[in-house]
Amino acid sequence: MSDAKQSVTGDTTDRTGEQPLLEVDGLTKHFPNDEGFLSWLQFRPDDSDGPVEIGREWVRAVEDVSFKIYEGETLGLVGESGCGKSTLARTILRLVEPTDGSVYFKGNDLAAMDSGTLRQQRRDVQMIFQDPQSSLDPRMKVGKIVEEPMQAHGMYDEEGRAARTHELLEKVGLDPQHYNRYPHAFSGGQRQRINLARALSVNPDFIVCDEPVSALDVSIQAQVLNTMNELQDEFNLTYLFIAHDLSVIRHISDRVAVMYLGQLVELAEKAELFENPQHPYTRALLESIPVPDPRVEGTRGVLEGDVPSPIQPPSGCRFRTRCPELIAPEKYDLTDEEWANIRQFTRSVKRHRFEATGANVIRAEFFGSTLPGGDAGRTVSRAIDLLVEDEWDEATELLNESFTEPSICAREEPSYEVPTEHGGGRHFAACHLHREEEQTH
Amino acid sequence: MTDPLLSVENLQTYFFTEDGVVQAVDGISFDVMPGELVGLVGESGAGKSVASTSILRLVEDPGRIVGGRVEFKGETLFEIETDDEGTPVENEDATPVETDESLSQQEMRRRIRGREIAIIFQDPMESLNPVYTVGGQLREFIEINRDLGKSAAKTAAIDMLREVGIPEAPARYSDYPHQFSGGMRQRVLIAMALACEPSLIIADEPTTALDVTVEGQILDLVADLQEKYGTAFVWVTHDMGVVAEICDRVNVMYLGEMVEQADVDDLFYDTKHPYTEALLESIPRPDRTVEELNPIAGVMPEAIDPPRGCRFHTRCPDAREACTRIDPDCRVVEDGYSPHRAACIKYDAFGNVGYDASPPLDNETRSGVDVTLTGDGGHQGGDDDE
């Protein structure tokens, strides 16, 4: 089962043989959950090993992420807030130290470099942040802001830097005459252009863009996205483009990686990912976006609940607690409908979503006229009895150990390559629904 | 034809700042029918939030409502007195005078806010008090507005929490706001808004701060609740996707003015105003790949010194010389199933005001950096009209 332990690996384009510009391998970042005095002291009164435990809690923000980015392409990284995408970006640039894993940039491991060499390398790797307000020093003139990185890397003399800054301001669509203005005199979109000029000043190969347009109005967003595209062509730039907005990702990316709770769940070429999504989370994301067309009748798959805490992420597939396609344990012989009912019932009990008025009422609400047969039916029946006796916790526990824990989704971490329908690239989906395709692969 | 539930006429809200007068909302009119979900759309700075808070007279200093009239269920919430020519009457302090029919702030508080018209804000954390429990705040609100006793109000509060999909409602009742996720907090605010079964809810970007899957949950919830309670909504948003999904009718604002009003289908498929059209063309789509975006040229001018004539003329691809002179009102340009209004003099409804005869404005070479900025980045017109 070592195959299933592997995380989604990112070699989806058919550019094998070519050295990737950036290769992220097993990158992991855990933060200590250090909030508060005595935070290293865990108090768990119900724990069988004793109520007090010494040791830190860890927030597992990024877990075993691997992918490659090739020269000149844009890899879109999409995920909801808290999924770890910004942490991933910062870890790649070593703005925060990785817990484990490697980041190879042009073959050199950034994660293992000493600070001097890293500093040199940073010239080739730049970053643009989301908030164009706070990422510019309000007391520095625009010209100086753009010149600062060049100065730090000892590029050009003073005149040379000024000349290059004027040129860059023009390139990103600003008036070079504004060299002596302060950031407050610019609008949000223009400030993001200043950030672009600053990132470009040291002539990098690779730019990590962390939500660069999400603070901008749509019409301005389009202007900045177009400029970014043009600059990419002109300077042969490679982007890692992080966003939560799938429309923006669809516009700008060549390949797309989807992240959930610290892990990549799917990675494919853009057309493949949007037209042939294979992970239930990706599908839920795509169904959720309101389409700007009143004639599109949305069928939204309801994604229940909230994202679990990254301190104690679910075992196996991290998405399984919300997944609408959780796989039935093999030991039961259930029809799809029976399993769907059981899944729904299990989650409703866990979230205490109804009142237990009577066994028949509950049975009718979740299972219609007949309960599933066999062991599964007996377990459900017992759970309903517990509910009538108001023993919610016992019922939750019973359902959990009978139906959730034995599922492959809770036992193994998924990672599969699936057949591609659009384009020539490879397609990875971390979902056990594809375990049979993988075996024939 | 039934009477509108809410009718806003020629509303003007200005902010009197040290730098000058910001004409945040400058003469907008719109109606909301009972049970209808009406969108109020625009980019930041369009004045949509100021317009929605003006309805409840919650505009804060230095802002002031300086003109217009708001009527709700046939009752005047407020009206600024005008002389025979329609100009607002001012007293000796240069403050506009309210007519006698206008409700006092006290009456607004007692009878209208919360009971008849509720409001949901974008940031649920700022709307909830962090030092009181969620349930306690909801209970207090119900107690005051529905004249219920403490325990009856508590039962009602728990029912409301369950109604908006809070799991384990009885247990979560005594949690504090910070223990709720963003989506759950927004559900609490929806519960609070619905608690008095108001006829109208004003929702000011209620899903903007939420993740897309959570936003989806909230939109579904609103659709269900609207069907159940028949509440009318004014939905303030900048997201055309949300508009397309939930709105019946849409009002598009630009720089304090109303530029287009139409049924949602007409707005998207028979777009009349050049601004709306440009806005729709500038958005990337989730359902198909758009290779080249068509941004709107330039940036929105300051409301402190709006362009003369049509306020959009500095960025409009259809602008002509006449547009710099004439400030069009939003009038019916096509009478279909429901009237379609637009504020653009290129339509016959405005008569012959010289649009056809006047020379086009070349928006790409005029007016400095803002336009160079997109002349570089954008591709106006051209061959990519997908």
# chains A, B, ... in the order shown; residues from 1 in each chain; ligands from 1

$ interface_residues --of "chain A" --to "chain B" --cutoff "8 Å" --atoms "only C-alpha atoms" --output "ChimeraX atom specification"
/A:80-81,173-175,217-224,226-227,230,244,246-248,250-251,274,284-286,288-295,298,300,302-303,306,351-353

$ select_by_dssp --residues "stretch 27-261 of chain B" --states "strand (DSSP E)" --output "ChimeraX atom specification"
/B:27-32,37-41,63-72,75-79,117-120,200-204,232-237,249-254,257-261

$ closest_residue --among "B:Cys196, B:Thr271, B:Pro317, B:Asp204" --to "B:Arg146" --atoms "only C-alpha atoms"
B:Cys196

$ residues_around --residues "B:Ser174" --least-positions-apart "6" --cutoff "8 Å" --atoms "only C-alpha atoms" --output "PyMOL selection string"
chain B and resi 133-136

$ select_by_dssp --residues "stretch 119-260 of chain B" --states "helix (DSSP H, G or I)" --output "PyMOL selection string"
chain B and resi 124-127+134-146+150-163+169-172+177-179+182-194+212-229+240-246

$ residues_around --residues "stretch 4-16 of chain B" --least-positions-apart "5" --cutoff "7 Å" --atoms "only C-alpha atoms" --output "NGL selection string"
:B and (21-34 or 62-73)

$ write_last_selection --atoms "C-alpha atoms" --output "short mmCIF file (atom, residue, chain, number, x, y, z; two decimals), in the first residue's frame"
data_model
loop_
_atom_site.label_atom_id
_atom_site.label_comp_id
_atom_site.auth_asym_id
_atom_site.auth_seq_id
_atom_site.Cartn_x
_atom_site.Cartn_y
_atom_site.Cartn_z
CA VAL B 21 -18.54 67.64 -0.87
CA VAL B 22 -18.54 63.98 -1.90
CA GLN B 23 -21.65 63.26 -3.90
CA ALA B 24 -21.78 59.62 -2.85
CA VAL B 25 -25.37 59.08 -3.92
CA ASP B 26 -26.71 61.62 -6.34
CA GLY B 27 -30.35 61.29 -7.23
CA ILE B 28 -31.14 57.60 -7.50
CA SER B 29 -34.63 56.10 -7.71
CA PHE B 30 -35.73 52.49 -7.48
CA ASP B 31 -38.61 50.32 -6.28
CA VAL B 32 -38.80 47.00 -4.50
CA MET B 33 -41.95 44.91 -4.88
CA PRO B 34 -43.18 42.64 -2.07
CA PRO B 62 -20.19 63.80 7.87
CA GLY B 63 -22.74 62.20 5.57
CA ARG B 64 -26.23 63.68 5.21
CA ILE B 65 -29.27 62.90 3.16
CA VAL B 66 -29.78 66.12 1.23
CA GLY B 67 -32.61 65.26 -1.08
CA GLY B 68 -35.27 62.78 -2.07
CA ARG B 69 -37.89 60.65 -0.49
CA VAL B 70 -38.20 57.07 0.77
CA GLU B 71 -41.57 55.47 1.09
CA PHE B 72 -42.21 52.10 2.71
CA LYS B 73 -45.61 50.38 2.63
#

$ residues_around --residues "B:Ile112" --least-positions-apart "2" --cutoff "12 Å" --atoms "only C-alpha atoms" --output "PyMOL selection string"
chain B and resi 55-57+71-73+75-77+103-110+114-119+145+196-201

$ write_last_selection --atoms "C-alpha atoms" --output "PDB file, in the first residue's frame"
ATOM      1  CA  ILE B  55     -32.905  53.918   3.351  1.00  0.00           C
ATOM      2  CA  LEU B  56     -32.743  53.196   7.076  1.00  0.00           C
ATOM      3  CA  ARG B  57     -31.330  56.635   7.789  1.00  0.00           C
ATOM      4  CA  GLU B  71     -41.574  55.470   1.086  1.00  0.00           C
ATOM      5  CA  PHE B  72     -42.210  52.098   2.710  1.00  0.00           C
ATOM      6  CA  LYS B  73     -45.610  50.376   2.632  1.00  0.00           C
ATOM      7  CA  GLU B  75     -45.695  55.499   4.599  1.00  0.00           C
ATOM      8  CA  THR B  76     -43.057  58.185   4.171  1.00  0.00           C
ATOM      9  CA  LEU B  77     -39.900  57.238   6.054  1.00  0.00           C
ATOM     10  CA  LEU B 103     -40.568  59.727  10.770  1.00  0.00           C
ATOM     11  CA  SER B 104     -38.429  60.787  13.702  1.00  0.00           C
ATOM     12  CA  GLN B 105     -35.282  58.814  14.514  1.00  0.00           C
ATOM     13  CA  GLN B 106     -37.138  57.404  17.495  1.00  0.00           C
ATOM     14  CA  GLU B 107     -39.990  56.127  15.362  1.00  0.00           C
ATOM     15  CA  MET B 108     -37.534  54.662  12.884  1.00  0.00           C
ATOM     16  CA  ARG B 109     -35.897  52.792  15.727  1.00  0.00           C
ATOM     17  CA  ARG B 110     -39.102  51.644  17.353  1.00  0.00           C
ATOM     18  CA  GLY B 114     -35.328  45.373  12.655  1.00  0.00           C
ATOM     19  CA  ARG B 115     -39.108  44.934  12.710  1.00  0.00           C
ATOM     20  CA  GLU B 116     -40.013  46.021   9.221  1.00  0.00           C
ATOM     21  CA  ILE B 117     -36.646  46.451   7.523  1.00  0.00           C
ATOM     22  CA  ALA B 118     -33.624  44.497   8.707  1.00  0.00           C
ATOM     23  CA  ILE B 119     -30.062  44.912   7.521  1.00  0.00           C
ATOM     24  CA  ASN B 145     -38.671  43.578  19.129  1.00  0.00           C
ATOM     25  CA  CYS B 196     -38.983  39.636  13.509  1.00  0.00           C
ATOM     26  CA  GLU B 197     -40.158  38.417  10.133  1.00  0.00           C
ATOM     27  CA  PRO B 198     -39.554  41.772   8.451  1.00  0.00           C
ATOM     28  CA  SER B 199     -41.002  42.475   5.008  1.00  0.00           C
ATOM     29  CA  LEU B 200     -37.653  43.699   3.711  1.00  0.00           C
ATOM     30  CA  ILE B 201     -34.049  42.749   4.360  1.00  0.00           C
TER      31      ILE B 201
END

$ residues_around --residues "A:Leu88" --least-positions-apart "4" --cutoff "8 Å" --atoms "only C-alpha atoms" --output "count of residues only"
4

$ residues_around --residues "stretch 123-127 of chain B" --least-positions-apart "6" --cutoff "10 Å" --atoms "only C-alpha atoms" --output "list in words"
Pro177, His178, Phe180, Ser181, Gly182, Gly183, Met184, Arg185, Gln186, Arg187, Val188, Leu189, Ile190, Asp204, Glu205, Pro206, Thr207, Thr208, Ala209 and Leu210 of chain B

$ closest_residue --among "A:Ser135, A:Gly79, A:Phe31, A:Glu405" --to "A:Tyr281" --atoms "only C-alpha atoms"
A:Gly79

$ closest_residue --among "A:Gly72, A:Pro183, A:Pro277, A:Pro98" --to "A:Asp25" --atoms "only C-alpha atoms"
A:Pro98

$ atom_distance --atom1 "atom CA of B:Asp159" --atom2 "atom CA of B:Ala195"
9.8 Å

$ closest_residue --among "A:Cys323, A:Cys209, A:Ala111, A:Val78" --to "A:Leu264" --atoms "only C-alpha atoms"
A:Val78
